[in-house]
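Novice: Here it is, the structure in full.
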Amino acid sequence: MSTGRAVWRRLPPRAVDMGLVALAALDAWINLLGEGTPVMWACAAAGSAALLLRRRFPSAVFLLTLPMTLFMDVAVAPIAALYTLAASTRNRPLLAGCALLNATAATLLWPLSDAFDGDRTWTLVQFVYTLATAFAPVLFGQLVQARHDVARRLVEVKEAREHERALYAQTVLARERAQMAREMHDVVSHQVSLIAVQAGALQMAAKDPDAREAARTIRTLSANTLDELRHMVTLLRASGGKTTELTPQPTLADLQQLIANSGIEATLSGELPPGISTTAQRTIYRTVQEALTNVRKHAPGARADVHLWHDAHHFGVTVTNTAPTRPTVALPSARHGLIGLRERAELLDGTLTAEPTPEGGYRIRLRAPGRPA
């Protein structure tokens, strides 16, 4: 970034607006000195001072500055107001109409009774010239708006890629854990089980008390080893969703913190029955987590509502988001999120549905049977 741009970005917006007001007032003074009427000076003062409100009311400020173009050759205030309007709206027909209005006002003569006297061809040429001049701030404002959109999209793409890398790392870790669990279960536990069986047989057949005691010790150690092995396999298979992982697993108590850190506008309502299993709590947490992630990736600017519910025979969670308020952009995705959520729902003998809403948003609903006491 250049030094000039860095200095410009550090200027307070109010200081920039005050500078534009001063420049517009100077422009009016140069154009109207010696020939301005009270009406002209009043219009110039109102148009110049209105620039202080250009960020909050761009359309109204443009209309207030428009009379200045009737009796000024080059008006700073209308051009600044037109640029602000173009940088703050995506309504292209409105911008085209404002540019035409500006060019028409600049082409007319003051007083208006003289506007249609003289050479019509020159009037048309002047209109085309002023129209091109009016479109310049419009195009520049749209360019600045597009630049801000691209910068915002780049940030979103970067965040999405970091999230995808983290998910991929977790997927690789889960795959390695599952493979290790299978190997330990199929090989190690089989061999240790054989040792325990042989030790039991030796204990029953041995006649020497020392040999019988040694066999009993071997059998006891083998049984303890199998118990520890089963516990370790359970931990390694944690990514499958039926058991706890090596790190503390999230529960319903962590939902509020998840929503607060989601980076989107989201609300939490409803409640679940007391006493639901840890697996069910974790499944609901992961469902909400994936739904909020999808909202952030694929529906920029949307709001989300997380609703916990239960009835006599079922309980679950519904996450509904509104339509995006900003243009979406194609983001990289492994497309495993909803598949993983459906697998977790199946572990609860439940279902997971994901569908668009009539309002243009999206809804994810987890429904599981049972109402624990």
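We name chains A, B, ... following the order of the structure tokens; residues begin at 1 in each chain, and ligands are numbered from 1 as shown.
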Please give the complete set of residues from segment 5-190 of chain A that DSSP, run on the backbone, assigns to alpha helix (DSSP H), formatted as a ChimeraX atom specification.
Specialist: /A:5-10,13-32,38-49,58-65,76-88,92-107,120-183,189-190
Novice: I'd like to know which of A:Val319, A:Leu32, A:Val172, A:Leu272 is closest to Gln289 of chain A, using only C-alpha atoms.
Specialist: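 Of A:Val319, A:Leu32, A:Val172, A:Leu272, the one nearest Gln289 of chain A, counting only C-alpha atoms, is A:Val319.
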Novice: Work out how far apart atom CA of Gln281 of chain A and atom CA of Asp311 of chain A are and give it in Å to one decimal.
Specialist: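 Taking atom CA of Gln281 of chain A and atom CA of Asp311 of chain A, their separation equals 16.6 Å.
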Novice: Which polymer residues have any atom within 12 Å of an atom of Val128 of chain A, counting only C-alpha atoms, with same-chain residues fewer than 3 positions away left out, as a list of chain:residue names?
Specialist: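 Answer for this query is A:Ala99, A:Leu100, A:Asn102, A:Ala103, A:Thr104, A:Ala106, A:Thr107, A:Thr121, A:Trp122, A:Thr123, A:Leu124, A:Val125, A:Leu131, A:Ala132, A:Thr133, A:Ala134, A:Phe135.
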Novice: Once you have the residues from the selection above, write them out as a short mmCIF file (atom, residue, chain, number, x, y, z; two decimals), in the first residue's frame, restricted to all heavy atoms.
Specialist:
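Writing done, so here's result.cif:
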```cif
data_model
loop_
_atom_site.label_atom_id
_atom_site.label_comp_id
_atom_site.auth_asym_id
_atom_site.auth_seq_id
_atom_site.Cartn_x
_atom_site.Cartn_y
_atom_site.Cartn_z
N ALA A 99 -27.70 10.30 -13.25
CA ALA A 99 -26.74 10.87 -14.19
C ALA A 99 -27.46 11.66 -15.28
O ALA A 99 -27.02 12.76 -15.67
CB ALA A 99 -25.89 9.76 -14.80
N LEU A 100 -28.57 11.12 -15.79
CA LEU A 100 -29.34 11.85 -16.80
C LEU A 100 -29.91 13.14 -16.22
O LEU A 100 -29.92 14.18 -16.89
CB LEU A 100 -30.48 10.96 -17.30
CG LEU A 100 -30.08 9.81 -18.24
CD1 LEU A 100 -31.28 8.90 -18.49
CD2 LEU A 100 -29.53 10.35 -19.55
N ASN A 102 -28.64 14.92 -13.79
CA ASN A 102 -27.53 15.86 -13.64
C ASN A 102 -27.15 16.48 -14.97
O ASN A 102 -26.91 17.69 -15.06
CB ASN A 102 -26.34 15.12 -13.01
CG ASN A 102 -25.15 16.03 -12.79
OD1 ASN A 102 -24.34 16.24 -13.67
ND2 ASN A 102 -25.04 16.55 -11.58
N ALA A 103 -27.09 15.64 -16.02
CA ALA A 103 -26.72 16.16 -17.34
C ALA A 103 -27.78 17.12 -17.87
O ALA A 103 -27.47 18.15 -18.48
CB ALA A 103 -26.52 15.00 -18.31
N THR A 104 -29.05 16.82 -17.63
CA THR A 104 -30.13 17.70 -18.08
C THR A 104 -30.07 19.05 -17.38
O THR A 104 -30.20 20.11 -18.01
CB THR A 104 -31.49 17.03 -17.81
OG1 THR A 104 -31.54 15.77 -18.49
CG2 THR A 104 -32.62 17.92 -18.29
N ALA A 106 -27.45 20.42 -16.07
CA ALA A 106 -26.25 21.15 -16.49
C ALA A 106 -26.40 21.74 -17.89
O ALA A 106 -25.74 22.73 -18.22
CB ALA A 106 -25.04 20.22 -16.44
N THR A 107 -27.26 21.12 -18.71
CA THR A 107 -27.44 21.60 -20.08
C THR A 107 -28.39 22.79 -20.13
O THR A 107 -28.25 23.68 -20.98
CB THR A 107 -27.99 20.46 -20.97
OG1 THR A 107 -27.11 19.34 -20.87
CG2 THR A 107 -28.07 20.89 -22.42
N THR A 121 -28.40 22.08 -32.09
CA THR A 121 -27.31 21.09 -32.25
C THR A 121 -26.26 21.27 -31.16
O THR A 121 -25.78 20.28 -30.57
CB THR A 121 -26.66 21.26 -33.64
OG1 THR A 121 -27.64 21.10 -34.66
CG2 THR A 121 -25.55 20.23 -33.83
N TRP A 122 -25.90 22.50 -30.88
CA TRP A 122 -24.93 22.73 -29.82
C TRP A 122 -25.48 22.31 -28.45
O TRP A 122 -24.74 21.79 -27.61
CB TRP A 122 -24.53 24.20 -29.79
CG TRP A 122 -23.64 24.53 -28.63
CD1 TRP A 122 -23.93 25.32 -27.58
CD2 TRP A 122 -22.33 24.05 -28.41
NE1 TRP A 122 -22.90 25.37 -26.70
CE2 TRP A 122 -21.87 24.59 -27.19
CE3 TRP A 122 -21.47 23.22 -29.14
CZ2 TRP A 122 -20.62 24.32 -26.67
CZ3 TRP A 122 -20.21 22.95 -28.63
CH2 TRP A 122 -19.79 23.49 -27.40
N THR A 123 -26.76 22.50 -28.27
CA THR A 123 -27.37 22.04 -27.02
C THR A 123 -27.26 20.53 -26.86
O THR A 123 -26.97 20.02 -25.78
CB THR A 123 -28.86 22.46 -26.97
OG1 THR A 123 -28.96 23.88 -27.09
CG2 THR A 123 -29.51 22.00 -25.68
N LEU A 124 -27.47 19.79 -27.95
CA LEU A 124 -27.35 18.33 -27.91
C LEU A 124 -25.91 17.91 -27.63
O LEU A 124 -25.66 17.00 -26.84
CB LEU A 124 -27.84 17.73 -29.24
CG LEU A 124 -27.75 16.21 -29.35
CD1 LEU A 124 -28.61 15.54 -28.29
CD2 LEU A 124 -28.17 15.75 -30.76
N VAL A 125 -24.96 18.59 -28.28
CA VAL A 125 -23.54 18.27 -28.03
C VAL A 125 -23.18 18.53 -26.57
O VAL A 125 -22.49 17.72 -25.93
CB VAL A 125 -22.64 19.09 -28.98
CG1 VAL A 125 -21.17 18.94 -28.60
CG2 VAL A 125 -22.86 18.66 -30.42
N LEU A 131 -23.37 14.61 -19.98
CA LEU A 131 -23.77 13.25 -19.58
C LEU A 131 -22.54 12.38 -19.34
O LEU A 131 -22.49 11.61 -18.37
CB LEU A 131 -24.67 12.64 -20.66
CG LEU A 131 -25.21 11.23 -20.36
CD1 LEU A 131 -26.09 11.26 -19.12
CD2 LEU A 131 -25.98 10.69 -21.56
N ALA A 132 -21.54 12.49 -20.20
CA ALA A 132 -20.31 11.73 -19.99
C ALA A 132 -19.61 12.18 -18.71
O ALA A 132 -19.06 11.36 -17.96
CB ALA A 132 -19.38 11.92 -21.19
N THR A 133 -19.66 13.49 -18.46
CA THR A 133 -19.07 13.99 -17.21
C THR A 133 -19.81 13.46 -15.99
O THR A 133 -19.20 13.14 -14.97
CB THR A 133 -19.10 15.53 -17.21
OG1 THR A 133 -18.42 16.02 -18.37
CG2 THR A 133 -18.43 16.08 -15.96
N ALA A 134 -21.13 13.34 -16.09
CA ALA A 134 -21.93 12.85 -14.96
C ALA A 134 -21.69 11.36 -14.72
O ALA A 134 -21.73 10.90 -13.58
CB ALA A 134 -23.41 13.11 -15.21
N PHE A 135 -21.45 10.61 -15.79
CA PHE A 135 -21.24 9.17 -15.63
C PHE A 135 -19.86 8.86 -15.04
O PHE A 135 -19.65 7.75 -14.53
CB PHE A 135 -21.40 8.45 -16.97
CG PHE A 135 -22.79 7.95 -17.20
CD1 PHE A 135 -23.61 8.54 -18.14
CD2 PHE A 135 -23.28 6.88 -16.47
CE1 PHE A 135 -24.90 8.08 -18.36
CE2 PHE A 135 -24.57 6.40 -16.67
CZ PHE A 135 -25.38 7.01 -17.62
#
```
Novice: When you look at Cys43 of chain A with a cut-off of 8 Å (counting only C-alpha atoms), what residues show up, excluding the ones that are within fewer than 4 positions of it in the same chain? I need them as a PyMOL selection string.
Specialist: chain A and resi 39+47+64-65+67-68
Novice: Which residues are close to Pro273 of chain A, i.e. within 12 Å by only C-alpha atoms, leaving aside same-chain residues fewer than 3 positions away? Reply as an NGL selection string.
Specialist: :A and (252 or 270 or 276-277 or 280-281 or 308-317 or 370-373)
